[in-house]
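Structure file coords_20.txt (compact mmCIF, C-alpha atoms) is printed below.
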```txt
# COMPACT_ATOMS: atom_id res chain seq x y z
CA MET A 1 110.65 116.40 79.38
CA PRO A 2 110.16 113.59 81.93
CA LEU A 3 106.69 112.03 82.22
CA ILE A 4 106.38 113.15 85.87
CA ARG A 5 108.26 116.36 86.60
CA ASN A 6 107.53 116.59 90.32
CA ILE A 7 105.12 115.35 92.95
CA SER A 8 102.56 117.99 91.94
CA ASP A 9 102.02 116.16 88.67
CA THR A 10 100.47 113.27 90.60
CA ALA A 11 97.56 115.57 91.49
CA ARG A 12 96.80 116.04 87.79
CA TRP A 13 97.05 112.27 87.35
CA ALA A 14 94.57 111.59 90.18
CA ALA A 15 92.09 114.08 88.72
CA VAL A 16 91.84 112.00 85.55
CA PHE A 17 90.28 109.09 87.44
CA ARG A 18 87.79 111.39 89.17
CA ALA A 19 86.81 112.78 85.78
CA ARG A 20 86.25 109.32 84.31
CA GLU A 21 84.10 108.21 87.24
CA THR A 22 82.08 111.43 86.99
CA GLU A 23 81.28 110.68 83.36
CA ARG A 24 79.73 107.29 84.17
CA SER A 25 75.93 107.08 84.27
CA ASP A 26 76.20 105.23 87.60
CA ALA A 27 78.93 107.45 89.09
CA LEU A 28 79.65 106.96 92.79
CA PHE A 29 80.51 110.66 93.02
CA ARG A 30 80.54 113.60 90.66
CA ASP A 31 83.43 116.01 90.29
CA PRO A 32 82.56 118.39 87.44
CA TYR A 33 85.89 120.18 87.87
CA ALA A 34 88.17 117.14 87.56
CA ARG A 35 88.57 117.17 83.77
CA ARG A 36 89.66 120.82 83.78
CA LEU A 37 92.00 120.29 86.72
CA ALA A 38 93.65 117.23 85.16
CA GLY A 39 94.35 119.01 81.89
CA GLU A 40 96.33 117.50 79.05
CA ARG A 41 99.24 116.76 81.37
CA GLY A 42 97.11 114.54 83.58
CA GLU A 43 95.81 112.59 80.60
CA GLN A 44 99.33 112.01 79.29
CA ILE A 45 100.48 110.59 82.63
CA ALA A 46 97.40 108.37 83.01
CA ALA A 47 97.79 106.96 79.50
CA ALA A 48 101.43 106.05 80.12
CA MET A 49 100.89 104.33 83.49
CA LYS A 50 99.47 101.01 82.31
CA MET A 51 99.27 99.31 85.72
CA HIS A 52 97.14 102.14 87.07
CA GLU A 53 94.96 102.15 83.96
CA ARG A 54 94.18 98.49 84.63
CA ASN A 55 93.51 99.22 88.30
CA SER A 56 91.70 102.53 88.02
CA TRP A 57 89.13 101.20 90.49
CA SER A 58 91.64 101.77 93.31
CA TRP A 59 91.81 105.50 92.55
CA VAL A 60 88.03 105.73 92.39
CA MET A 61 87.65 103.90 95.70
CA ARG A 62 90.11 106.22 97.39
CA THR A 63 88.02 109.26 96.48
CA TYR A 64 84.75 107.50 97.27
CA LEU A 65 85.84 106.29 100.72
CA PHE A 66 87.36 109.64 101.68
CA ASP A 67 84.02 111.23 100.74
CA GLN A 68 82.24 108.81 103.04
CA TYR A 69 84.60 109.47 105.94
CA ILE A 70 84.26 113.23 105.53
CA ALA A 71 80.46 112.95 105.62
CA ARG A 72 80.70 110.72 108.70
CA CYS A 73 82.91 113.18 110.55
CA LEU A 74 80.69 116.11 109.64
CA ALA A 75 77.76 114.20 111.12
CA ALA A 76 79.87 113.75 114.28
CA GLY A 77 80.18 117.53 114.68
CA VAL A 78 83.43 118.40 112.92
CA ASP A 79 83.70 122.15 112.33
CA THR A 80 87.06 122.19 110.47
CA ILE A 81 88.60 120.03 107.75
CA LEU A 82 92.38 120.32 107.53
CA ASN A 83 93.34 118.91 104.13
CA LEU A 84 97.08 118.20 104.02
CA ALA A 85 98.62 117.86 100.54
CA ALA A 86 95.24 118.91 99.17
CA GLY A 87 96.41 118.72 95.58
CA LEU A 88 93.62 119.34 93.09
CA ASP A 89 90.86 118.10 95.38
CA ALA A 90 87.58 119.89 94.61
CA ARG A 91 85.49 118.65 97.54
CA PRO A 92 84.81 122.16 98.91
CA TYR A 93 83.09 122.87 95.58
CA ARG A 94 81.39 119.56 94.82
CA MET A 95 80.24 118.04 98.13
CA GLU A 96 77.15 118.95 100.13
CA LEU A 97 78.77 120.88 103.00
CA PRO A 98 77.55 123.18 105.76
CA PRO A 99 78.28 126.79 104.75
CA THR A 100 79.77 127.35 108.23
CA LEU A 101 82.34 124.58 107.78
CA ARG A 102 85.94 125.78 107.78
CA TRP A 103 87.97 123.94 105.12
CA ILE A 104 91.73 124.54 105.03
CA GLU A 105 93.78 123.33 102.07
CA VAL A 106 97.54 122.98 102.53
CA ASP A 107 99.93 122.37 99.65
CA LEU A 108 102.82 123.77 97.64
CA PRO A 109 102.47 127.30 96.21
CA GLU A 110 102.66 126.33 92.53
CA LEU A 111 99.94 123.70 92.82
CA LEU A 112 97.52 125.90 94.76
CA ALA A 113 98.11 128.77 92.33
CA TYR A 114 97.25 126.48 89.41
CA LYS A 115 94.13 125.31 91.20
CA GLU A 116 92.98 128.86 91.92
CA GLU A 117 93.47 129.75 88.26
CA VAL A 118 91.45 126.79 86.99
CA LEU A 119 88.64 127.30 89.51
CA ALA A 120 88.50 131.09 89.20
CA GLY A 121 84.86 132.15 89.26
CA GLU A 122 83.66 128.98 90.98
CA LYS A 123 82.14 129.30 94.45
CA PRO A 124 83.01 126.89 97.27
CA ARG A 125 80.16 125.60 99.42
CA CYS A 126 81.91 126.33 102.70
CA ALA A 127 84.46 128.75 104.18
CA LEU A 128 87.57 127.79 102.19
CA GLU A 129 91.10 128.82 103.12
CA ARG A 130 94.33 127.97 101.31
CA VAL A 131 97.74 127.80 102.98
CA THR A 132 100.89 127.51 100.89
CA LEU A 133 103.31 125.36 102.85
CA ASP A 134 105.90 122.66 102.28
CA LEU A 135 104.81 120.03 104.82
CA SER A 136 108.39 118.85 105.18
CA ASP A 137 109.08 122.12 107.03
CA VAL A 138 108.34 120.74 110.49
CA ALA A 139 108.52 124.04 112.38
CA LYS A 140 106.09 125.84 110.06
CA ARG A 141 103.84 122.78 109.98
CA ARG A 142 103.63 122.67 113.76
CA ALA A 143 102.88 126.39 113.90
CA LEU A 144 99.98 125.88 111.47
CA PHE A 145 98.63 122.94 113.46
CA ALA A 146 98.77 124.96 116.67
CA GLN A 147 96.93 127.87 115.04
CA VAL A 148 94.22 125.64 113.58
CA GLY A 149 93.92 123.69 116.81
CA ALA A 150 93.46 126.84 118.88
CA THR A 151 90.76 128.27 116.60
CA SER A 152 88.70 125.11 116.02
CA LYS A 153 86.61 122.89 118.26
CA ARG A 154 86.57 119.61 116.35
CA VAL A 155 88.96 118.98 113.47
CA MET A 156 89.17 116.24 110.89
CA VAL A 157 92.55 115.91 109.17
CA ALA A 158 92.58 114.45 105.66
CA SER A 159 95.82 113.43 103.96
CA GLU A 160 94.79 111.67 100.76
CA GLY A 161 97.72 110.39 98.74
CA LEU A 162 100.38 111.79 101.08
CA LEU A 163 101.81 109.15 103.39
CA LEU A 164 103.07 106.86 100.63
CA TYR A 165 105.80 109.42 99.84
CA LEU A 166 107.05 109.74 103.43
CA SER A 167 109.44 107.57 105.42
CA ALA A 168 108.12 105.65 108.43
CA GLU A 169 110.03 108.05 110.68
CA ASP A 170 108.45 111.07 108.99
CA VAL A 171 104.98 109.56 109.28
CA GLY A 172 105.55 108.93 112.98
CA VAL A 173 106.59 112.54 113.55
CA LEU A 174 103.57 113.80 111.59
CA ALA A 175 101.23 111.54 113.57
CA THR A 176 102.71 112.82 116.83
CA ASP A 177 102.37 116.44 115.71
CA LEU A 178 98.71 115.94 114.82
CA ALA A 179 97.90 114.09 118.05
CA ARG A 180 99.39 116.95 120.06
CA GLU A 181 96.41 119.19 119.19
CA ALA A 182 93.44 118.39 121.44
CA SER A 183 90.87 119.55 118.89
CA PHE A 184 92.27 117.25 116.17
CA ARG A 185 89.80 114.41 116.66
CA TYR A 186 89.89 112.44 113.40
CA TRP A 187 92.43 111.64 110.70
CA ALA A 188 91.73 109.96 107.35
CA PHE A 189 94.55 108.62 105.18
CA ASP A 190 95.39 105.83 102.73
CA ILE A 191 98.09 103.21 103.24
CA VAL A 192 99.48 100.24 101.31
CA SER A 193 101.04 96.93 102.29
CA PRO A 194 104.74 96.10 101.72
CA GLY A 195 103.62 93.75 98.96
CA LEU A 196 101.78 96.47 97.09
CA LEU A 197 104.63 98.93 97.68
CA GLU A 198 106.99 96.59 95.83
CA MET A 199 104.53 96.28 92.93
CA LEU A 200 104.17 100.05 92.72
CA ARG A 201 107.92 100.52 92.71
CA THR A 202 108.49 98.02 89.90
CA GLN A 203 105.31 98.33 87.82
CA GLY A 204 103.37 101.37 88.99
CA GLY A 205 105.49 104.36 88.11
CA GLY A 206 107.97 103.98 90.92
CA ALA A 207 110.96 104.70 88.70
CA GLU A 208 109.38 107.85 87.23
CA LEU A 209 108.46 109.18 90.66
CA ALA A 210 111.88 108.40 92.10
CA GLN A 211 113.48 110.35 89.24
CA ALA A 212 111.12 113.24 90.06
CA GLY A 213 112.32 113.18 93.67
CA ALA A 214 109.19 111.57 95.09
CA PRO A 215 109.85 107.85 95.59
CA PHE A 216 107.28 105.53 97.14
CA LYS A 217 108.32 104.80 100.74
CA PHE A 218 105.67 104.12 103.38
CA ALA A 219 104.13 100.66 103.75
CA PRO A 220 104.00 99.65 107.43
CA PRO A 221 104.18 95.86 107.89
CA GLU A 222 101.81 96.12 110.87
CA GLY A 223 99.19 98.01 108.87
CA PRO A 224 96.98 100.55 110.69
CA ALA A 225 98.41 99.37 114.02
CA PHE A 226 101.53 101.38 113.13
CA PHE A 227 99.78 104.51 114.42
CA ALA A 228 98.90 103.30 117.92
CA PRO A 229 102.17 104.43 119.58
CA TYR A 230 101.67 107.90 118.12
CA GLY A 231 98.27 108.54 119.67
CA TRP A 232 95.80 107.24 117.06
CA ARG A 233 93.37 104.33 117.08
CA PRO A 234 91.27 103.06 114.13
CA LEU A 235 87.58 103.88 113.96
CA ASP A 236 87.20 102.24 110.56
CA VAL A 237 89.46 100.68 107.94
CA GLN A 238 88.21 99.88 104.44
CA SER A 239 90.00 97.70 101.93
CA THR A 240 89.86 99.44 98.56
CA PHE A 241 89.57 96.03 96.89
CA ARG A 242 86.54 95.06 98.98
CA ALA A 243 84.97 98.46 98.44
CA ALA A 244 85.44 98.08 94.68
CA ALA A 245 83.77 94.67 94.77
CA ARG A 246 80.88 96.05 96.82
CA THR A 247 80.32 98.97 94.44
CA ARG A 248 80.80 96.91 91.26
CA ARG A 249 83.97 98.61 90.15
CA LEU A 250 86.23 95.53 90.04
CA PRO A 251 87.20 94.21 86.58
CA TRP A 252 85.58 90.84 85.88
CA MET A 253 88.91 88.96 86.09
CA LEU A 254 89.34 90.08 89.72
CA LYS A 255 85.82 89.37 90.98
CA LEU A 256 86.66 85.78 91.95
CA PHE A 257 89.32 87.03 94.39
CA SER A 258 86.72 89.12 96.22
CA PHE A 259 85.28 85.93 97.71
CA LEU A 260 88.54 85.03 99.44
CA PRO A 261 89.03 85.80 103.17
CA ASP A 262 90.31 89.30 103.80
CA SER A 263 91.77 91.30 106.68
CA ASN A 264 92.42 94.99 107.21
CA GLY A 265 95.33 94.40 109.58
CA ALA A 266 98.93 93.39 108.85
CA GLN A 267 99.25 92.26 105.22
CA GLY A 268 102.88 91.36 104.61
CA LYS A 269 103.48 90.44 100.97
CA ARG A 270 99.83 90.60 99.97
CA PRO A 271 99.06 93.50 97.62
CA TRP A 272 96.60 95.51 99.75
CA SER A 273 95.57 99.12 100.08
CA GLY A 274 93.19 100.62 102.56
CA ILE A 275 91.58 103.85 103.62
CA CYS A 276 91.72 104.47 107.37
CA LEU A 277 89.65 106.71 109.61
CA MET A 278 91.53 107.17 112.87
CA GLU A 279 90.48 108.76 116.13
CA ARG A 280 92.80 110.58 118.50
CA ALA A 281 93.36 108.20 121.42
```

Show me, as structure tokens, the structure contained in the file I just sent.
Amino acid sequence: MPLIRNISDTARWAAVFRARETERSDALFRDPYARRLAGERGEQIAAAMKMHERNSWSWVMRTYLFDQYIARCLAAGVDTILNLAAGLDARPYRMELPPTLRWIEVDLPELLAYKEEVLAGEKPRCALERVTLDLSDVAKRRALFAQVGATSKRVMVASEGLLLYLSAEDVGVLATDLAREASFRYWAFDIVSPGLLEMLRTQGGGAELAQAGAPFKFAPPEGPAFFAPYGWRPLDVQSTFRAAARTRRLPWMLKLFSFLPDSNGAQGKRPWSGICLMERA
């Protein structure tokens, strides 16, 4: 059996890093469901991916910064979270959320069924809905966006760990589709530089994911500015490296690099990843 069977296995992999952070005495967040959701399969993948084991701080920062952006958008009056490629995210169960918040998870049927099984008996802290949908089905995706847009006043879209697997053309179409809905006010996602994309392809499981039909693709040379023509402007962009230095999650051998000048714009060959909070222009 291949190490990674399909893109859904990456959700189990990501849960491992949430579980490890949760078990720290100084945890930046706590996800008491992550260990169960990761399962043995997630642990096997994490153990085999040595580059990611050495750079586990990047996974932790992704979760931590998305948490911060969600809290920020809730404070700004968001009434609906639309979580695209929700994977095994447990935020509706673990975060402090208004009980009136509408949280919609969208992902493949098999993955959401597994999640429901693992979390059976647990109670979400908000009004949780699950939609089984292949996001590559553009017509069905647009129908969902229109329905959510028409029944919500202020929506935040979250797409953690999604864009890396799409082509630039596909990301542009998705961005346009999201911007079409007037109530879709905010969008949080993670992106990488071309330099980091090349490292991930050669050292970070790129071959295994390509064999599973989910190759790494998206790394816009212009950085967050890629989204401007599609109707989105940045409210905030956080370097995961800088965030890891600030929260004391960087390994000691990398701390020296945290004092070098940094930018959250175009990165070129520099290995960079960032979490972006965009606003509909």

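Distance-wise, atom CA of A:Gly149 and atom CA of A:Leu82 end up 10.0 Å apart.
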
| task | Give as an MDAnalysis selection string each residue that has an atom at most 7 Å from (98.3, 123.8, 100.7) in the file, counting all atoms listed in the file. | result | chainID A and resid 84:86 105:108 112 130:133

| query | So which one's closest to A:Val192, A:Ser25, A:Ser58, A:Thr10, A:Asn83? Using all atoms listed in the file, please. | reply |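 Of A:Ser25, A:Ser58, A:Thr10, A:Asn83, the one nearest A:Val192, counting all atoms listed in the file, is A:Ser58.
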
| What gap, in Å, lies between atom CA of A:Ser152 and atom CA of A:Gly87? | 22.8 Å

| said: Restricting the calculation to all atoms listed in the file: of A:Leu97, A:Val118, A:Ile7, A:Leu277, which residue gets closest to A:Gly39? | reply: A:Val118

| said: Nearest residue to A:Gly161 out of A:Trp103, A:Trp59, A:Phe29, A:Trp187, using all atoms listed in the file? | reply: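 Smallest separation from A:Gly161 among the options: A:Trp59.
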
| field | Nearest residue to A:Ala179 from the set A:Ser193, A:Trp232, A:Ala214, A:Leu163 (distances using only C-alpha atoms) | value |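 That would be A:Trp232, the residue with the smallest distance to A:Ala179.
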
| field | Separation of atom CA of A:Ala207 from atom CA of A:Ala15, in Å and rounded to one decimal | value | 21.1 Å

| What's the 12 Å shell around A:Ser183, counting only C-alpha atoms, without same-chain residues fewer than 6 positions away, as a PyMOL selection string? | chain A and resi 77-82+145-157+279-281

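Proximity to A:Gln238 at 8 Å, evaluated using all atoms listed in the file and with sequence-adjacent residues fewer than 4 positions away removed, yields Leu65, Arg242, Ala243, Asn264, Gly274, Ile275 and Cys276 of chain A.
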
| said: Using all atoms listed in the file, can you tell me which of A:Asn6, A:Gln68, A:Asn55, A:Ser273 comes closest to A:Asp190? | reply: A:Ser273

| task | Have a look at A:Leu88, A:Pro98, A:Met278, A:Lys217 and name the one nearest to A:Ala75; count all atoms listed in the file. | result |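 Residue with the minimum atom-to-atom distance to A:Ala75: A:Pro98.
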
| said: Give me the residues near A:Thr22 as a VMD selection string, where near means some atom within 6 Å (using only C-alpha atoms) and where sequence neighbours in that chain fewer than 5 positions away do not count. | reply: chain A and resid 27 30 to 31

Next, write the just-selected residues to a file, as a short mmCIF file (atom, residue, chain, number, x, y, z; two decimals), keeping the file's coordinate frame, keeping C-alpha atoms as the atom set.
```cif
data_model
loop_
_atom_site.label_atom_id
_atom_site.label_comp_id
_atom_site.auth_asym_id
_atom_site.auth_seq_id
_atom_site.Cartn_x
_atom_site.Cartn_y
_atom_site.Cartn_z
CA ALA A 27 78.93 107.45 89.09
CA ARG A 30 80.54 113.60 90.66
CA ASP A 31 83.43 116.01 90.29
#
```

Taking every listed atom of stretch 69-88 of chain A and adding 5 Å to each side, what centre and edge lengths in Å (one decimal) does the axis-aligned box have, as lines of an AutoDock Vina configuration file?
```
center_x = 88.2
center_y = 115.8
center_z = 103.9
size_x = 30.9
size_y = 22.7
size_z = 31.6
```

When you look at A:Leu174 with a cut-off of 10 Å (counting all atoms listed in the file), what residues show up, excluding the ones that are within fewer than 5 positions of it in the same chain? I need them as a tab-separated table (two decimals) with C-alpha atoms, in the frame of the given file.
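Full text of out03.tsv as output:
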```
chain	number	residue	atom	x	y	z
A	135	LEU	CA	104.81	120.03	104.82
A	136	SER	CA	108.39	118.85	105.18
A	138	VAL	CA	108.34	120.74	110.49
A	141	ARG	CA	103.84	122.78	109.98
A	142	ARG	CA	103.63	122.67	113.76
A	163	LEU	CA	101.81	109.15	103.39
A	166	LEU	CA	107.05	109.74	103.43
A	168	ALA	CA	108.12	105.65	108.43
A	169	GLU	CA	110.03	108.05	110.68
A	179	ALA	CA	97.90	114.09	118.05
A	180	ARG	CA	99.39	116.95	120.06
A	230	TYR	CA	101.67	107.90	118.12
```
